[in-house]
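I have placed the structure first, in the form of structure tokens, so that the comments after it can refer back to it.
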Amino acid sequence: MSRSAPATSKLEKILGVKFKNTALLEEALTHKSFAMEQGGHIPFNERLEFLGDSVLSSAVAHYLFNKFPDVDEGRLSQLKSMLVSRPSLTVWGREIGVGQYLRLSVGEIATGGRERDSIVGNAMEALLGAMYLEAGFERTQKFIDKILAKRKRMVLADHKSRLQEWAQKKYK
């Protein structure tokens with residue numbers, strides 16, 4: 001596989017957003033290592049990652065608030081934390097194959113960067129930031145809602161948290 005990303009039309013179809021500003025999508029898929037290898041003069045995804053983190057947090061809070069009207073604030077916060085975590089973002093990024101689209105340095109490619117949890121999860125956040133800038137919050141929310149709807153059982157069955165809460169109540 002080449003160091004630069006393959007054509008992104010399939011990724012755009014998965015995201016449900018056709019980027020008019022293709023530079024925005026390219027930036028979301030550009031790792032800092034690639035930018036530095038190219039002389040450091042091209043934008044990379046860390047700023048979009050920052051934005052995507054906030055968009056994701058708001059979208060997940062909105063989803064949980066609407067889908068679980070009888071759940072208290074503490075439980076909603078726990079669920080949100082789980083859903084916006086690095087492991088969740090990594091799973092989502094892998095499901096859509098984000099690794100294959102990333103622009104990485106030779107060194108990152110050689111050491112398995114396309115599959116590295118931190119790189120895939122960060123790229124997923126950057127993509128959400130890029131989607132937000134390109135298509136707005138509502139479109140990004142719809143994409144995130146679709147991902148969360150697939151995980152509704154997981155959200156409802158957060159057994160570890162429930163076990164910890166039960167043990168804490170019972171045994172102080």
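Labeling convention for the structure tokens: chains A, B, ... as they appear, residues from 1 per chain, ligands from 1 in order of appearance.
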
Can you list, as a PDB file with N, CA and C atoms, in the first residue's frame, all residues belonging to region 56-156 of chain A that DSSP tags as helix (DSSP H, G or I)?
```
ATOM      1  N   LEU A  56     -18.289  14.851  18.991  1.00  0.00           N
ATOM      2  CA  LEU A  56     -18.686  13.507  19.425  1.00  0.00           C
ATOM      3  C   LEU A  56     -19.332  13.545  20.797  1.00  0.00           C
ATOM      4  N   SER A  57     -18.729  14.253  21.721  1.00  0.00           N
ATOM      5  CA  SER A  57     -19.265  14.334  23.073  1.00  0.00           C
ATOM      6  C   SER A  57     -20.683  14.909  23.066  1.00  0.00           C
ATOM      7  N   SER A  58     -20.899  15.974  22.312  1.00  0.00           N
ATOM      8  CA  SER A  58     -22.235  16.580  22.222  1.00  0.00           C
ATOM      9  C   SER A  58     -23.230  15.641  21.558  1.00  0.00           C
ATOM     10  N   ALA A  59     -22.806  14.996  20.484  1.00  0.00           N
ATOM     11  CA  ALA A  59     -23.707  14.101  19.755  1.00  0.00           C
ATOM     12  C   ALA A  59     -24.093  12.893  20.606  1.00  0.00           C
ATOM     13  N   VAL A  60     -23.148  12.336  21.332  1.00  0.00           N
ATOM     14  CA  VAL A  60     -23.443  11.184  22.190  1.00  0.00           C
ATOM     15  C   VAL A  60     -24.352  11.604  23.340  1.00  0.00           C
ATOM     16  N   ALA A  61     -24.096  12.760  23.937  1.00  0.00           N
ATOM     17  CA  ALA A  61     -24.956  13.255  25.008  1.00  0.00           C
ATOM     18  C   ALA A  61     -26.389  13.440  24.495  1.00  0.00           C
ATOM     19  N   HIS A  62     -26.525  14.008  23.317  1.00  0.00           N
ATOM     20  CA  HIS A  62     -27.837  14.214  22.700  1.00  0.00           C
ATOM     21  C   HIS A  62     -28.547  12.880  22.471  1.00  0.00           C
ATOM     22  N   TYR A  63     -27.825  11.921  21.921  1.00  0.00           N
ATOM     23  CA  TYR A  63     -28.382  10.593  21.658  1.00  0.00           C
ATOM     24  C   TYR A  63     -28.867   9.942  22.951  1.00  0.00           C
ATOM     25  N   LEU A  64     -28.012   9.898  23.965  1.00  0.00           N
ATOM     26  CA  LEU A  64     -28.360   9.240  25.222  1.00  0.00           C
ATOM     27  C   LEU A  64     -29.520   9.945  25.919  1.00  0.00           C
ATOM     28  N   PHE A  65     -29.513  11.269  25.914  1.00  0.00           N
ATOM     29  CA  PHE A  65     -30.584  12.039  26.541  1.00  0.00           C
ATOM     30  C   PHE A  65     -31.941  11.690  25.921  1.00  0.00           C
ATOM     31  N   ASN A  66     -31.969  11.580  24.595  1.00  0.00           N
ATOM     32  CA  ASN A  66     -33.229  11.289  23.908  1.00  0.00           C
ATOM     33  C   ASN A  66     -33.630   9.821  23.954  1.00  0.00           C
ATOM     34  N   LYS A  67     -32.683   8.915  23.898  1.00  0.00           N
ATOM     35  CA  LYS A  67     -32.997   7.483  23.844  1.00  0.00           C
ATOM     36  C   LYS A  67     -33.304   6.877  25.204  1.00  0.00           C
ATOM     37  N   GLU A  73     -28.744  11.196  35.485  1.00  0.00           N
ATOM     38  CA  GLU A  73     -27.572  11.905  34.966  1.00  0.00           C
ATOM     39  C   GLU A  73     -26.279  11.146  35.200  1.00  0.00           C
ATOM     40  N   GLY A  74     -26.125  10.537  36.359  1.00  0.00           N
ATOM     41  CA  GLY A  74     -24.900   9.800  36.668  1.00  0.00           C
ATOM     42  C   GLY A  74     -24.682   8.637  35.720  1.00  0.00           C
ATOM     43  N   ARG A  75     -25.729   7.903  35.464  1.00  0.00           N
ATOM     44  CA  ARG A  75     -25.644   6.756  34.551  1.00  0.00           C
ATOM     45  C   ARG A  75     -25.408   7.231  33.115  1.00  0.00           C
ATOM     46  N   LEU A  76     -26.082   8.315  32.725  1.00  0.00           N
ATOM     47  CA  LEU A  76     -25.858   8.865  31.387  1.00  0.00           C
ATOM     48  C   LEU A  76     -24.405   9.287  31.210  1.00  0.00           C
ATOM     49  N   SER A  77     -23.827   9.879  32.246  1.00  0.00           N
ATOM     50  CA  SER A  77     -22.416  10.282  32.185  1.00  0.00           C
ATOM     51  C   SER A  77     -21.501   9.075  32.015  1.00  0.00           C
ATOM     52  N   GLN A  78     -21.793   8.004  32.731  1.00  0.00           N
ATOM     53  CA  GLN A  78     -20.995   6.780  32.600  1.00  0.00           C
ATOM     54  C   GLN A  78     -21.070   6.234  31.177  1.00  0.00           C
ATOM     55  N   LEU A  79     -22.281   6.184  30.651  1.00  0.00           N
ATOM     56  CA  LEU A  79     -22.465   5.666  29.293  1.00  0.00           C
ATOM     57  C   LEU A  79     -21.741   6.539  28.277  1.00  0.00           C
ATOM     58  N   LYS A  80     -21.863   7.843  28.442  1.00  0.00           N
ATOM     59  CA  LYS A  80     -21.183   8.754  27.515  1.00  0.00           C
ATOM     60  C   LYS A  80     -19.675   8.549  27.572  1.00  0.00           C
ATOM     61  N   SER A  81     -19.134   8.453  28.759  1.00  0.00           N
ATOM     62  CA  SER A  81     -17.688   8.229  28.898  1.00  0.00           C
ATOM     63  C   SER A  81     -17.250   6.966  28.175  1.00  0.00           C
ATOM     64  N   MET A  82     -18.026   5.914  28.306  1.00  0.00           N
ATOM     65  CA  MET A  82     -17.698   4.656  27.644  1.00  0.00           C
ATOM     66  C   MET A  82     -17.747   4.815  26.114  1.00  0.00           C
ATOM     67  N   LEU A  83     -18.750   5.515  25.638  1.00  0.00           N
ATOM     68  CA  LEU A  83     -18.953   5.620  24.191  1.00  0.00           C
ATOM     69  C   LEU A  83     -17.989   6.573  23.493  1.00  0.00           C
ATOM     70  N   ARG A  86     -11.373   6.118  23.858  1.00  0.00           N
ATOM     71  CA  ARG A  86     -10.439   5.701  22.802  1.00  0.00           C
ATOM     72  C   ARG A  86     -10.777   4.300  22.272  1.00  0.00           C
ATOM     73  N   PRO A  87     -11.062   3.319  23.138  1.00  0.00           N
ATOM     74  CA  PRO A  87     -11.408   1.997  22.594  1.00  0.00           C
ATOM     75  C   PRO A  87     -12.631   2.023  21.676  1.00  0.00           C
ATOM     76  N   SER A  88     -13.642   2.789  22.038  1.00  0.00           N
ATOM     77  CA  SER A  88     -14.827   2.881  21.179  1.00  0.00           C
ATOM     78  C   SER A  88     -14.486   3.517  19.839  1.00  0.00           C
ATOM     79  N   LEU A  89     -13.744   4.611  19.880  1.00  0.00           N
ATOM     80  CA  LEU A  89     -13.355   5.289  18.643  1.00  0.00           C
ATOM     81  C   LEU A  89     -12.509   4.377  17.755  1.00  0.00           C
ATOM     82  N   THR A  90     -11.656   3.599  18.374  1.00  0.00           N
ATOM     83  CA  THR A  90     -10.817   2.669  17.614  1.00  0.00           C
ATOM     84  C   THR A  90     -11.672   1.621  16.925  1.00  0.00           C
ATOM     85  N   VAL A  91     -12.643   1.078  17.640  1.00  0.00           N
ATOM     86  CA  VAL A  91     -13.548   0.084  17.052  1.00  0.00           C
ATOM     87  C   VAL A  91     -14.304   0.704  15.881  1.00  0.00           C
ATOM     88  N   TRP A  92     -14.837   1.892  16.060  1.00  0.00           N
ATOM     89  CA  TRP A  92     -15.577   2.558  14.987  1.00  0.00           C
ATOM     90  C   TRP A  92     -14.678   2.795  13.782  1.00  0.00           C
ATOM     91  N   GLY A  93     -13.465   3.279  14.049  1.00  0.00           N
ATOM     92  CA  GLY A  93     -12.523   3.537  12.956  1.00  0.00           C
ATOM     93  C   GLY A  93     -12.173   2.275  12.189  1.00  0.00           C
ATOM     94  N   ARG A  94     -11.992   1.187  12.910  1.00  0.00           N
ATOM     95  CA  ARG A  94     -11.691  -0.090  12.242  1.00  0.00           C
ATOM     96  C   ARG A  94     -12.883  -0.590  11.434  1.00  0.00           C
ATOM     97  N   GLU A  95     -14.076  -0.415  11.973  1.00  0.00           N
ATOM     98  CA  GLU A  95     -15.275  -0.870  11.265  1.00  0.00           C
ATOM     99  C   GLU A  95     -15.427  -0.186   9.912  1.00  0.00           C
ATOM    100  N   VAL A  98     -10.827   3.008   8.388  1.00  0.00           N
ATOM    101  CA  VAL A  98     -10.136   4.299   8.285  1.00  0.00           C
ATOM    102  C   VAL A  98      -8.626   4.134   8.085  1.00  0.00           C
ATOM    103  N   GLY A  99      -8.048   3.075   8.625  1.00  0.00           N
ATOM    104  CA  GLY A  99      -6.602   2.873   8.515  1.00  0.00           C
ATOM    105  C   GLY A  99      -6.081   2.861   7.101  1.00  0.00           C
ATOM    106  N   GLN A 100      -6.866   2.284   6.199  1.00  0.00           N
ATOM    107  CA  GLN A 100      -6.415   2.194   4.807  1.00  0.00           C
ATOM    108  C   GLN A 100      -6.359   3.542   4.107  1.00  0.00           C
ATOM    109  N   TYR A 101      -7.050   4.531   4.642  1.00  0.00           N
ATOM    110  CA  TYR A 101      -7.097   5.855   4.018  1.00  0.00           C
ATOM    111  C   TYR A 101      -6.070   6.833   4.576  1.00  0.00           C
ATOM    112  N   VAL A 106       6.701   6.749   6.349  1.00  0.00           N
ATOM    113  CA  VAL A 106       7.262   5.433   6.060  1.00  0.00           C
ATOM    114  C   VAL A 106       7.448   4.651   7.370  1.00  0.00           C
ATOM    115  N   GLY A 107       7.961   5.327   8.385  1.00  0.00           N
ATOM    116  CA  GLY A 107       8.192   4.679   9.674  1.00  0.00           C
ATOM    117  C   GLY A 107       6.918   4.193  10.332  1.00  0.00           C
ATOM    118  N   GLU A 108       5.869   5.005  10.289  1.00  0.00           N
ATOM    119  CA  GLU A 108       4.580   4.606  10.875  1.00  0.00           C
ATOM    120  C   GLU A 108       3.998   3.405  10.134  1.00  0.00           C
ATOM    121  N   ILE A 109       4.105   3.407   8.835  1.00  0.00           N
ATOM    122  CA  ILE A 109       3.602   2.273   8.058  1.00  0.00           C
ATOM    123  C   ILE A 109       4.372   1.012   8.428  1.00  0.00           C
ATOM    124  N   ALA A 110       5.689   1.140   8.509  1.00  0.00           N
ATOM    125  CA  ALA A 110       6.547  -0.020   8.804  1.00  0.00           C
ATOM    126  C   ALA A 110       6.279  -0.613  10.181  1.00  0.00           C
ATOM    127  N   GLY A 113       1.325   1.326  11.864  1.00  0.00           N
ATOM    128  CA  GLY A 113       0.532   2.501  12.213  1.00  0.00           C
ATOM    129  C   GLY A 113      -0.902   2.473  11.727  1.00  0.00           C
ATOM    130  N   ARG A 114      -1.154   1.826  10.613  1.00  0.00           N
ATOM    131  CA  ARG A 114      -2.529   1.777  10.087  1.00  0.00           C
ATOM    132  C   ARG A 114      -3.478   1.029  11.020  1.00  0.00           C
ATOM    133  N   GLU A 115      -2.917   0.194  11.891  1.00  0.00           N
ATOM    134  CA  GLU A 115      -3.732  -0.569  12.833  1.00  0.00           C
ATOM    135  C   GLU A 115      -3.552  -0.117  14.278  1.00  0.00           C
ATOM    136  N   ASP A 117      -4.060   1.509  17.653  1.00  0.00           N
ATOM    137  CA  ASP A 117      -5.281   2.018  18.282  1.00  0.00           C
ATOM    138  C   ASP A 117      -5.321   3.536  18.344  1.00  0.00           C
ATOM    139  N   SER A 118      -4.256   4.140  18.824  1.00  0.00           N
ATOM    140  CA  SER A 118      -4.257   5.596  18.999  1.00  0.00           C
ATOM    141  C   SER A 118      -4.402   6.318  17.663  1.00  0.00           C
ATOM    142  N   ILE A 119      -3.749   5.835  16.639  1.00  0.00           N
ATOM    143  CA  ILE A 119      -3.813   6.493  15.332  1.00  0.00           C
ATOM    144  C   ILE A 119      -5.200   6.338  14.721  1.00  0.00           C
ATOM    145  N   VAL A 120      -5.763   5.143  14.799  1.00  0.00           N
ATOM    146  CA  VAL A 120      -7.099   4.894  14.233  1.00  0.00           C
ATOM    147  C   VAL A 120      -8.155   5.688  15.008  1.00  0.00           C
ATOM    148  N   GLY A 121      -8.089   5.653  16.334  1.00  0.00           N
ATOM    149  CA  GLY A 121      -9.063   6.392  17.151  1.00  0.00           C
ATOM    150  C   GLY A 121      -8.969   7.894  16.938  1.00  0.00           C
ATOM    151  N   ASN A 122      -7.746   8.405  16.887  1.00  0.00           N
ATOM    152  CA  ASN A 122      -7.564   9.841  16.654  1.00  0.00           C
ATOM    153  C   ASN A 122      -8.065  10.246  15.274  1.00  0.00           C
ATOM    154  N   ALA A 123      -7.814   9.415  14.278  1.00  0.00           N
ATOM    155  CA  ALA A 123      -8.288   9.708  12.921  1.00  0.00           C
ATOM    156  C   ALA A 123      -9.818   9.709  12.876  1.00  0.00           C
ATOM    157  N   MET A 124     -10.439   8.824  13.645  1.00  0.00           N
ATOM    158  CA  MET A 124     -11.902   8.796  13.688  1.00  0.00           C
ATOM    159  C   MET A 124     -12.430  10.108  14.256  1.00  0.00           C
ATOM    160  N   GLU A 125     -11.811  10.600  15.314  1.00  0.00           N
ATOM    161  CA  GLU A 125     -12.210  11.898  15.871  1.00  0.00           C
ATOM    162  C   GLU A 125     -12.002  13.016  14.854  1.00  0.00           C
ATOM    163  N   ALA A 126     -10.889  12.985  14.152  1.00  0.00           N
ATOM    164  CA  ALA A 126     -10.604  14.006  13.139  1.00  0.00           C
ATOM    165  C   ALA A 126     -11.643  13.960  12.024  1.00  0.00           C
ATOM    166  N   LEU A 127     -12.041  12.760  11.629  1.00  0.00           N
ATOM    167  CA  LEU A 127     -13.085  12.637  10.596  1.00  0.00           C
ATOM    168  C   LEU A 127     -14.395  13.264  11.066  1.00  0.00           C
ATOM    169  N   LEU A 128     -14.738  13.058  12.321  1.00  0.00           N
ATOM    170  CA  LEU A 128     -15.966  13.663  12.850  1.00  0.00           C
ATOM    171  C   LEU A 128     -15.863  15.189  12.841  1.00  0.00           C
ATOM    172  N   GLY A 129     -14.692  15.709  13.163  1.00  0.00           N
ATOM    173  CA  GLY A 129     -14.486  17.155  13.088  1.00  0.00           C
ATOM    174  C   GLY A 129     -14.623  17.670  11.662  1.00  0.00           C
ATOM    175  N   ALA A 130     -14.053  16.933  10.726  1.00  0.00           N
ATOM    176  CA  ALA A 130     -14.145  17.318   9.312  1.00  0.00           C
ATOM    177  C   ALA A 130     -15.593  17.233   8.814  1.00  0.00           C
ATOM    178  N   MET A 131     -16.308  16.199   9.219  1.00  0.00           N
ATOM    179  CA  MET A 131     -17.716  16.068   8.836  1.00  0.00           C
ATOM    180  C   MET A 131     -18.520  17.248   9.352  1.00  0.00           C
ATOM    181  N   TYR A 132     -18.249  17.621  10.590  1.00  0.00           N
ATOM    182  CA  TYR A 132     -18.952  18.750  11.192  1.00  0.00           C
ATOM    183  C   TYR A 132     -18.719  20.030  10.393  1.00  0.00           C
ATOM    184  N   LEU A 133     -17.474  20.299  10.036  1.00  0.00           N
ATOM    185  CA  LEU A 133     -17.170  21.508   9.268  1.00  0.00           C
ATOM    186  C   LEU A 133     -17.763  21.465   7.865  1.00  0.00           C
ATOM    187  N   GLU A 134     -17.770  20.296   7.265  1.00  0.00           N
ATOM    188  CA  GLU A 134     -18.259  20.163   5.891  1.00  0.00           C
ATOM    189  C   GLU A 134     -19.786  20.138   5.815  1.00  0.00           C
ATOM    190  N   ALA A 135     -20.421  19.375   6.723  1.00  0.00           N
ATOM    191  CA  ALA A 135     -21.852  19.111   6.574  1.00  0.00           C
ATOM    192  C   ALA A 135     -22.708  19.582   7.751  1.00  0.00           C
ATOM    193  N   PHE A 137     -23.616  19.983  12.148  1.00  0.00           N
ATOM    194  CA  PHE A 137     -23.817  19.111  13.293  1.00  0.00           C
ATOM    195  C   PHE A 137     -24.885  18.053  13.024  1.00  0.00           C
ATOM    196  N   GLU A 138     -25.982  18.452  12.402  1.00  0.00           N
ATOM    197  CA  GLU A 138     -27.097  17.519  12.200  1.00  0.00           C
ATOM    198  C   GLU A 138     -26.669  16.297  11.386  1.00  0.00           C
ATOM    199  N   ARG A 139     -25.928  16.501  10.315  1.00  0.00           N
ATOM    200  CA  ARG A 139     -25.467  15.391   9.479  1.00  0.00           C
ATOM    201  C   ARG A 139     -24.487  14.503  10.243  1.00  0.00           C
ATOM    202  N   THR A 140     -23.601  15.129  11.008  1.00  0.00           N
ATOM    203  CA  THR A 140     -22.641  14.383  11.816  1.00  0.00           C
ATOM    204  C   THR A 140     -23.377  13.606  12.902  1.00  0.00           C
ATOM    205  N   GLN A 141     -24.367  14.232  13.500  1.00  0.00           N
ATOM    206  CA  GLN A 141     -25.197  13.574  14.518  1.00  0.00           C
ATOM    207  C   GLN A 141     -25.855  12.324  13.943  1.00  0.00           C
ATOM    208  N   LYS A 142     -26.375  12.408  12.735  1.00  0.00           N
ATOM    209  CA  LYS A 142     -27.024  11.249  12.111  1.00  0.00           C
ATOM    210  C   LYS A 142     -26.048  10.090  11.944  1.00  0.00           C
ATOM    211  N   PHE A 143     -24.835  10.394  11.523  1.00  0.00           N
ATOM    212  CA  PHE A 143     -23.810   9.355  11.374  1.00  0.00           C
ATOM    213  C   PHE A 143     -23.502   8.718  12.730  1.00  0.00           C
ATOM    214  N   ILE A 144     -23.322   9.531  13.745  1.00  0.00           N
ATOM    215  CA  ILE A 144     -23.013   9.021  15.082  1.00  0.00           C
ATOM    216  C   ILE A 144     -24.195   8.233  15.633  1.00  0.00           C
ATOM    217  N   ASP A 145     -25.411   8.721  15.425  1.00  0.00           N
ATOM    218  CA  ASP A 145     -26.606   7.989  15.873  1.00  0.00           C
ATOM    219  C   ASP A 145     -26.662   6.596  15.252  1.00  0.00           C
ATOM    220  N   LYS A 146     -26.293   6.505  13.980  1.00  0.00           N
ATOM    221  CA  LYS A 146     -26.307   5.215  13.290  1.00  0.00           C
ATOM    222  C   LYS A 146     -25.315   4.251  13.944  1.00  0.00           C
ATOM    223  N   ILE A 147     -24.146   4.754  14.280  1.00  0.00           N
ATOM    224  CA  ILE A 147     -23.146   3.929  14.962  1.00  0.00           C
ATOM    225  C   ILE A 147     -23.659   3.496  16.333  1.00  0.00           C
ATOM    226  N   LEU A 148     -24.238   4.433  17.069  1.00  0.00           N
ATOM    227  CA  LEU A 148     -24.709   4.133  18.418  1.00  0.00           C
ATOM    228  C   LEU A 148     -25.900   3.176  18.409  1.00  0.00           C
ATOM    229  N   ALA A 149     -26.757   3.294  17.415  1.00  0.00           N
ATOM    230  CA  ALA A 149     -27.912   2.407  17.335  1.00  0.00           C
ATOM    231  C   ALA A 149     -27.469   0.949  17.209  1.00  0.00           C
ATOM    232  N   LYS A 150     -26.358   0.722  16.528  1.00  0.00           N
ATOM    233  CA  LYS A 150     -25.823  -0.639  16.405  1.00  0.00           C
ATOM    234  C   LYS A 150     -25.327  -1.161  17.744  1.00  0.00           C
ATOM    235  N   LYS A 152     -26.715  -0.397  20.769  1.00  0.00           N
ATOM    236  CA  LYS A 152     -27.716  -0.164  21.807  1.00  0.00           C
ATOM    237  C   LYS A 152     -27.682  -1.258  22.877  1.00  0.00           C
ATOM    238  N   ARG A 153     -27.518  -2.500  22.456  1.00  0.00           N
ATOM    239  CA  ARG A 153     -27.440  -3.588  23.431  1.00  0.00           C
ATOM    240  C   ARG A 153     -26.252  -3.400  24.350  1.00  0.00           C
ATOM    241  N   MET A 154     -25.109  -3.008  23.779  1.00  0.00           N
ATOM    242  CA  MET A 154     -23.911  -2.796  24.585  1.00  0.00           C
ATOM    243  C   MET A 154     -24.143  -1.655  25.579  1.00  0.00           C
ATOM    244  N   VAL A 155     -24.802  -0.617  25.120  1.00  0.00           N
ATOM    245  CA  VAL A 155     -25.076   0.529  25.979  1.00  0.00           C
ATOM    246  C   VAL A 155     -25.975   0.116  27.136  1.00  0.00           C
ATOM    247  N   LEU A 156     -26.986  -0.666  26.840  1.00  0.00           N
ATOM    248  CA  LEU A 156     -27.925  -1.082  27.871  1.00  0.00           C
ATOM    249  C   LEU A 156     -27.340  -2.134  28.798  1.00  0.00           C
TER     250      LEU A 156
END
```

Inset, instruction - Just the residues within 6 Å of region 30-37 of chain A, please, counting only C-alpha atoms, with nothing from its chain fewer than 4 positions along; format it as a list in words. - result: Ile42, Phe44, Asn45, Leu102, Arg103, Leu104 and Ser105 of chain A

Inset, instruction - Record the distance separating CA of Ala7 (chain A) and CA of Leu25 (chain A), expressed in Å with one decimal. - result: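 For CA of Ala7 (chain A) relative to CA of Leu25 (chain A), the distance reads 11.2 Å.
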
Legend entry - Between CA of Leu15 (chain A) and CA of Ile96 (chain A) - distance in Å to one decimal: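 About the pair CA of Ile96 (chain A) and CA of Leu15 (chain A): they are 8.6 Å apart.
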
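With CA of Leu11 (chain A) on one side and CA of Ala23 (chain A) on the other, the separation reads 14.6 Å.
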
Legend entry - Distance criterion (only C-alpha atoms): nearest to Ala28 (chain A) out of A:Gly16, A:Asp72, A:Lys10, A:Arg47: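 So, comparing all the options, the nearest one is A:Arg47.
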